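J.: Input protein31.txt, format and content: compact mmCIF, C-alpha atoms.
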# COMPACT_ATOMS: atom_id res chain seq x y z
CA MET Z 101 82.01 -30.57 -18.84
CA HIS Z 102 78.84 -31.79 -17.10
CA PHE Z 103 76.55 -28.75 -17.37
CA LYS Z 104 75.59 -29.13 -21.05
CA PRO Z 105 72.68 -31.61 -20.59
CA LYS Z 106 71.20 -29.37 -17.87
CA LEU Z 107 71.55 -26.32 -20.14
CA ALA Z 108 69.89 -28.14 -23.02
CA ALA Z 109 67.01 -29.15 -20.79
CA LEU Z 110 66.53 -25.60 -19.60
CA LEU Z 111 66.47 -24.33 -23.17
CA LEU Z 112 64.03 -27.03 -24.24
CA CYS Z 113 61.42 -26.38 -21.51
CA PRO Z 114 60.25 -22.94 -22.77
CA ALA Z 115 59.94 -24.35 -26.28
CA LEU Z 116 57.76 -27.23 -25.07
CA THR Z 117 55.70 -24.83 -23.00
CA LEU Z 118 55.03 -22.64 -26.03
CA LEU Z 119 54.02 -25.66 -28.08
CA SER Z 120 51.50 -26.78 -25.45
CA CYS Z 121 49.93 -23.30 -25.02
CA LYS Z 122 46.82 -22.22 -26.88
CA ILE Z 123 46.88 -18.53 -27.73
CA VAL Z 124 43.47 -16.95 -27.11
CA GLU Z 125 42.84 -13.65 -28.83
CA THR Z 126 41.44 -10.99 -26.52
CA PRO Z 127 38.36 -9.38 -28.13
CA THR Z 128 38.99 -5.78 -29.04
CA LEU Z 129 36.36 -3.05 -28.78
CA GLU Z 130 36.02 -3.16 -32.56
CA MET Z 131 35.40 -6.91 -32.50
CA GLN Z 132 32.77 -6.53 -29.76
CA THR Z 133 31.05 -3.78 -31.73
CA GLU Z 134 31.00 -5.95 -34.85
CA ALA Z 135 29.54 -8.87 -32.87
CA ALA Z 136 26.79 -6.65 -31.46
CA ALA Z 137 26.03 -5.31 -34.93
CA LYS Z 138 25.48 -8.88 -36.18
CA GLN Z 139 22.65 -9.41 -33.68
CA THR Z 140 19.17 -9.05 -35.09
CA ASP Z 141 16.88 -6.27 -33.91
CA GLU Z 142 14.69 -8.93 -32.30
CA ALA Z 143 17.62 -10.34 -30.31
CA ARG Z 144 18.84 -6.95 -29.11
CA MET Z 145 15.38 -5.73 -28.15
CA GLY Z 146 14.68 -9.06 -26.46
CA VAL Z 147 17.81 -8.70 -24.32
CA TYR Z 148 16.94 -5.09 -23.47
CA ALA Z 149 13.35 -5.97 -22.53
CA ALA Z 150 14.56 -8.75 -20.23
CA GLU Z 151 17.10 -6.41 -18.59
CA ILE Z 152 14.55 -3.72 -17.72
CA TRP Z 153 11.56 -5.92 -16.86
CA ASP Z 154 12.16 -6.41 -13.13
CA THR Z 155 14.21 -3.28 -12.51
CA LYS Z 156 12.20 -0.65 -14.39
CA VAL Z 157 9.01 -1.92 -16.05
CA LEU Z 158 7.36 -3.60 -13.06
CA PRO Z 159 8.25 -0.76 -10.64
CA THR Z 160 6.73 1.77 -13.08
CA VAL Z 161 3.51 -0.25 -13.29
CA GLN Z 162 3.36 -0.56 -9.50
CA GLU Z 163 3.95 3.16 -9.03
CA HIS Z 164 1.02 4.14 -11.27
CA LEU Z 165 -1.52 1.41 -10.49
CA ILE Z 166 -5.11 2.53 -10.08
CA PRO Z 167 -8.05 0.19 -9.35
CA ILE Z 168 -10.05 -0.32 -12.51
CA THR Z 169 -13.32 0.69 -10.80
CA GLU Z 170 -11.76 3.96 -9.65
CA LEU Z 171 -10.42 4.64 -13.14
CA ARG Z 172 -13.91 4.19 -14.60
CA HIS Z 173 -15.26 6.86 -12.26
CA LYS Z 174 -12.46 9.19 -13.34
CA LEU Z 175 -13.06 8.45 -17.03
CA ALA Z 176 -16.68 9.56 -16.55
CA GLN Z 177 -15.21 13.06 -16.13
CA GLY Z 178 -13.39 12.80 -19.47
CA LEU Z 179 -10.48 10.89 -21.00
CA ASP Z 180 -8.01 13.74 -20.65
CA VAL Z 181 -9.09 14.36 -17.06
CA ALA Z 182 -8.36 10.72 -16.22
CA GLY Z 183 -5.19 10.82 -18.30
CA GLU Z 184 -3.80 13.89 -16.60
CA ALA Z 185 -4.52 12.36 -13.21
CA HIS Z 186 -3.42 8.75 -13.77
CA GLY Z 187 -2.27 8.25 -17.35
CA LEU Z 188 1.09 7.72 -18.99
CA ARG Z 189 1.94 8.54 -22.57
CA PRO Z 190 4.85 9.65 -24.79
CA GLU Z 191 5.11 13.36 -25.51
CA GLY Z 192 2.48 14.59 -27.95
CA ALA Z 193 -1.21 15.22 -27.46
CA THR Z 194 -2.11 12.89 -30.33
CA ASN Z 195 -0.70 9.82 -28.54
CA PRO Z 196 -3.21 7.65 -26.66
CA TRP Z 197 -3.24 7.55 -22.87
CA ASN Z 198 -1.92 4.42 -21.20
CA PHE Z 199 -3.17 3.32 -17.78
CA ALA Z 200 -1.75 0.87 -15.26
CA VAL Z 201 -4.70 -0.84 -13.57
CA SER Z 202 -5.43 -3.46 -10.96
CA GLY Z 203 -8.63 -5.30 -10.19
CA GLU Z 204 -10.54 -8.53 -10.26
CA GLY Z 205 -13.20 -9.96 -12.48
CA THR Z 206 -15.17 -13.05 -13.37
CA ILE Z 207 -14.14 -14.78 -16.59
CA VAL Z 208 -17.11 -14.89 -18.95
CA ALA Z 209 -15.26 -16.11 -22.07
CA ALA Z 210 -11.81 -17.50 -22.82
CA ASN Z 211 -9.82 -18.98 -25.69
CA PRO Z 212 -6.57 -20.13 -24.00
CA GLU Z 213 -5.71 -22.47 -26.87
CA SER Z 214 -5.39 -19.58 -29.34
CA ARG Z 215 -2.07 -17.97 -30.27
CA ALA Z 216 -3.80 -14.67 -29.48
CA ALA Z 217 -5.42 -16.01 -26.30
CA LYS Z 218 -7.66 -13.67 -24.31
CA LEU Z 219 -9.82 -13.65 -21.22
CA LYS Z 220 -13.05 -11.65 -21.39
CA ILE Z 221 -13.96 -10.56 -17.90
CA ASP Z 222 -16.75 -8.88 -15.95
CA THR Z 223 -15.31 -6.46 -13.39
CA ASP Z 224 -18.52 -4.75 -12.22
CA ALA Z 225 -20.63 -7.85 -11.48
CA ASP Z 226 -23.32 -7.15 -14.09
CA GLY Z 227 -22.69 -10.45 -15.88
CA LYS Z 228 -21.31 -8.78 -19.01
CA GLN Z 229 -17.81 -8.44 -20.41
CA ASP Z 230 -16.26 -5.05 -19.74
CA ALA Z 231 -12.53 -5.76 -20.07
CA ILE Z 232 -10.21 -8.07 -21.96
CA ILE Z 233 -6.95 -9.57 -20.70
CA GLN Z 234 -4.50 -10.42 -23.47
CA LEU Z 235 -2.68 -13.65 -22.68
CA GLY Z 236 -0.79 -14.11 -25.94
CA PRO Z 237 1.74 -15.19 -26.98
CA ILE Z 238 0.51 -12.86 -29.72
CA VAL Z 239 -0.32 -9.60 -27.95
CA ARG Z 240 -1.70 -6.53 -29.73
CA GLY Z 241 -0.53 -3.01 -29.16
CA SER Z 242 2.39 -1.16 -27.60
CA SER Z 243 0.89 -0.03 -24.28
CA LEU Z 244 3.69 -1.56 -22.18
CA ARG Z 245 6.33 0.29 -24.17
CA ASP Z 246 4.41 3.56 -24.37
CA ALA Z 247 3.60 3.61 -20.66
CA MET Z 248 7.29 3.63 -19.73
CA PRO Z 249 8.48 7.25 -19.32
CA PHE Z 250 12.14 6.20 -19.57
CA ILE Z 251 11.64 4.73 -23.06
CA VAL Z 252 12.03 7.52 -25.62
CA PHE Z 253 11.73 6.99 -29.37
CA THR Z 254 14.73 9.18 -30.24
CA ASN Z 255 16.99 6.81 -28.29
CA PHE Z 256 16.34 4.09 -30.88
CA ARG Z 257 17.58 3.69 -34.42
CA ASP Z 258 14.23 3.86 -36.22
CA GLN Z 259 10.53 3.00 -36.06
CA ILE Z 260 11.22 -0.65 -36.91
CA GLU Z 261 13.53 -1.13 -33.93
CA PHE Z 262 11.08 0.72 -31.71
CA ALA Z 263 8.22 -1.53 -32.82
CA LYS Z 264 10.30 -4.62 -32.05
CA LEU Z 265 10.87 -3.34 -28.53
CA ALA Z 266 7.10 -3.19 -28.03
CA ARG Z 267 6.87 -6.80 -29.22
CA ALA Z 268 9.72 -7.85 -26.93
CA LEU Z 269 8.01 -6.30 -23.90
CA ASN Z 270 4.75 -8.06 -24.78
CA THR Z 271 6.71 -11.31 -24.99
CA GLN Z 272 8.19 -10.65 -21.56
CA ALA Z 273 4.71 -10.14 -20.14
CA ASN Z 274 3.49 -13.39 -21.67
CA SER Z 275 6.51 -15.37 -20.43
CA HIS Z 276 5.71 -14.57 -16.80
CA LEU Z 277 2.10 -15.80 -16.91
CA SER Z 278 0.89 -19.07 -15.47
CA ILE Z 279 -2.56 -20.10 -16.75
CA PRO Z 280 -4.40 -22.95 -15.02
CA SER Z 281 -5.59 -25.85 -17.14
CA GLY Z 282 -9.20 -26.79 -17.57
CA ASP Z 283 -12.31 -24.65 -17.95
CA LEU Z 284 -11.67 -21.02 -17.00
CA ILE Z 285 -15.26 -19.77 -17.34
CA GLY Z 286 -16.62 -18.63 -13.99
CA LYS Z 287 -13.23 -18.35 -12.33
CA THR Z 288 -12.17 -15.11 -10.66
CA VAL Z 289 -8.98 -13.52 -11.95
CA PHE Z 290 -6.96 -10.90 -10.06
CA PHE Z 291 -4.88 -8.77 -12.40
CA GLU Z 292 -2.42 -5.95 -12.78
CA GLY Z 293 -1.47 -4.61 -16.17
CA VAL Z 294 -1.46 -1.82 -18.73
CA PHE Z 295 -3.78 -0.80 -21.54
CA SER Z 296 -4.09 2.05 -24.05
CA LEU Z 297 -7.20 4.14 -24.55
CA LYS Z 298 -7.69 6.40 -27.56
CA LYS Z 299 -11.33 7.26 -26.89
CA LEU Z 300 -13.84 6.76 -24.11
CA SER Z 301 -15.72 4.10 -26.05
CA GLY Z 302 -12.58 2.04 -26.55
CA ALA Z 303 -12.13 -1.42 -25.06
CA PHE Z 304 -9.91 -2.06 -22.06
CA GLU Z 305 -7.49 -4.56 -23.65
CA ILE Z 306 -5.10 -5.16 -20.77
CA VAL Z 307 -1.58 -6.53 -21.15
CA PRO Z 308 -1.15 -8.24 -17.77
CA THR Z 309 2.00 -7.99 -15.66
CA SER Z 310 0.47 -10.12 -12.91
CA LEU Z 311 -2.37 -12.68 -12.88
CA GLN Z 312 -3.82 -14.85 -10.13
CA PHE Z 313 -6.77 -17.19 -10.44
CA LYS Z 314 -9.33 -18.36 -7.87
Rewrite the coordinates I just gave you, this time as structure tokens.
T.:
Amino acid sequence: MHFKPKLAALLLCPALTLLSCKIVETPTLEMQTEAAAKQTDEARMGVYAAEIWDTKVLPTVQEHLIPITELRHKLAQGLDVAGEAHGLRPEGATNPWNFAVSGEGTIVAANPESRAAKLKIDTDADGKQDAIIQLGPIVRGSSLRDAMPFIVFTNFRDQIEFAKLARALNTQANSHLSIPSGDLIGKTVFFEGVFSLKKLSGAFEIVPTSLQFK
């Protein structure tokens, strides 16, 4: 009979196909959960900060921007008066007010080579420093996090994770800055950003979300 070689070939093909195939395991929900759990807090908060930066953080800043000169006039009426009108803060009267401000100023001092680089600026043309812009990469404070009404502490595991979110948002702010080389003293800087204020005598230490130099 002449069909046996054809039959043998037909039986052999599936076997060869199986031998040449690589079986890829489909990740289960449990495996994905385990993989996420192995990420560090820094990595997870970094991913989250990057996800919300353009879609939520910047729109919130834009929505609440007030010119820094106008805010000063309002602060002359009292911190809580200015806060109720223009401020952002988590629930609780003991939390500091956070303000989203815009403006321009002349740079009177700068240390761009520092890990905690800052610009000291004069925004009212009296020749003296009256605000600080934090360039980083080391940025103090949690004003960016605390000014976001959609970020609520109880949605996070603990205070440590919450603190690392503040750091991740500060890192995001720093990563979007472009600082010109050379001497910055005397240059004009146009800024938008956020700062916290616990008392009227406190410094305006702004975490910038936008900077332009002239």
J.: What does the distance between atom CA of Z:Met145 and atom CA of Z:Ile251 come to in Å, to one decimal place?
T.: 12.2 Å
J.: Residues at most 10 Å from Z:Leu300, counting all atoms listed in the file, excluding those fewer than 6 positions away in the same chain, as a ChimeraX atom specification?
T.: /Z:172,175-176,178-180
J.: What is the atom CA of Z:Asn270 to atom CA of Z:Arg245 distance in Å?
T.: 8.5 Å
J.: Neighbouring residues of Z:Val252 were defined as those with any atom within 12 Å, considering only C-alpha atoms; residues of the same chain fewer than 3 positions away were excluded. Please report them as a list in words.
T.: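 Non-adjacent residues within range: Arg189, Pro190, Glu191, Arg245, Asp246, Ala247, Met248, Pro249, Asn255, Phe256, Arg257, Asp258, Gln259, Phe262 and Leu265 of chain Z.
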J.: What is the atom CA of Z:Pro280-atom CA of Z:Gln234 distance in Å, reported with one decimal?
T.: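 Computing the Euclidean distance for atom CA of Z:Pro280 and atom CA of Z:Gln234 yields 15.1 Å.
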J.: Between Z:Gln229, Z:Gln177, Z:Thr223, Z:Ser310, single out the one closest to Z:Ile279, counting all atoms listed in the file.
T.: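 For Z:Ile279, the nearest of the candidates is Z:Ser310.
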J.: With a distance cut-off of 7 Å and all atoms listed in the file, select the neighbouring residues of Z:Pro196, excluding the residue or stretch itself and same-chain residues fewer than 5 positions from it, and output the selection as number ranges by chain.
T.: Z: 189, 296-298
J.: Given all atoms listed in the file as the basis, pick out the residue of Z:Gly293, Z:Ala217, Z:Leu311, Z:Asp226 nearest to Z:Asn198.
T.: Z:Gly293
J.: Quick one: residues within 12 Å of Z:Thr169, all atoms listed in the file, excluding same-chain residues fewer than 3 positions away - as a list in words?
T.: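 Near Z:Thr169, the qualifying residues are Leu165, Ile166, Arg172, His173, Lys174, Leu175, Ala176, Val201, Ser202, Gly203, Glu204, Gly205, Asp222, Thr223, Asp224, Ala225, Asp230 and Ala231 of chain Z.
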J.: Could you give me, as a JSON list (two decimals) with C-alpha atoms, keeping the file's coordinate frame, the residues that sit within 6 Å of (-9.4, -20.8, -8.8) in the file's coordinates, counting only C-alpha atoms?
T.:
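Saved file result_22.json follows:
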[["chain", "number", "residue", "atom", "x", "y", "z"],
["Z", 287, "LYS", "CA", -13.23, -18.35, -12.33],
["Z", 313, "PHE", "CA", -6.77, -17.19, -10.44],
["Z", 314, "LYS", "CA", -9.33, -18.36, -7.87]]
J.: Measuring atom to atom with all atoms listed in the file, identify which of Z:Lys156, Z:Arg215, Z:Arg240, Z:His164 is nearest to Z:Val307.
T.: Z:Arg240
J.: So, counting all atoms listed in the file, which residue among Z:Leu235, Z:Asn195, Z:Gly282, Z:Arg267 is closest to Z:Asp141?
T.: Z:Arg267
J.: For a quick check of understanding, using all atoms listed in the file, which of Z:Thr254, Z:Lys264, Z:Pro308, Z:Leu284 has the smallest distance to Z:Ile232?
T.: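 Of Z:Thr254, Z:Lys264, Z:Pro308, Z:Leu284, the one nearest Z:Ile232, counting all atoms listed in the file, is Z:Pro308.
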J.: For each of Z:Val294, Z:Ile238, Z:Ala268, Z:Ile233, take the minimum atom-to-atom distance to Z:Leu188, counting only C-alpha atoms, then give the residue where this is smallest.
T.: Z:Val294
J.: Box in all listed atoms of stretch 246-259 of chain Z, axis-aligned, with 5 Å more on each side; write out centre and edge lengths in Å to one decimal as lines of an AutoDock Vina configuration file.
T.:
center_x = 10.6
center_y = 6.1
center_z = -27.8
size_x = 24.0
size_y = 16.2
size_z = 26.9
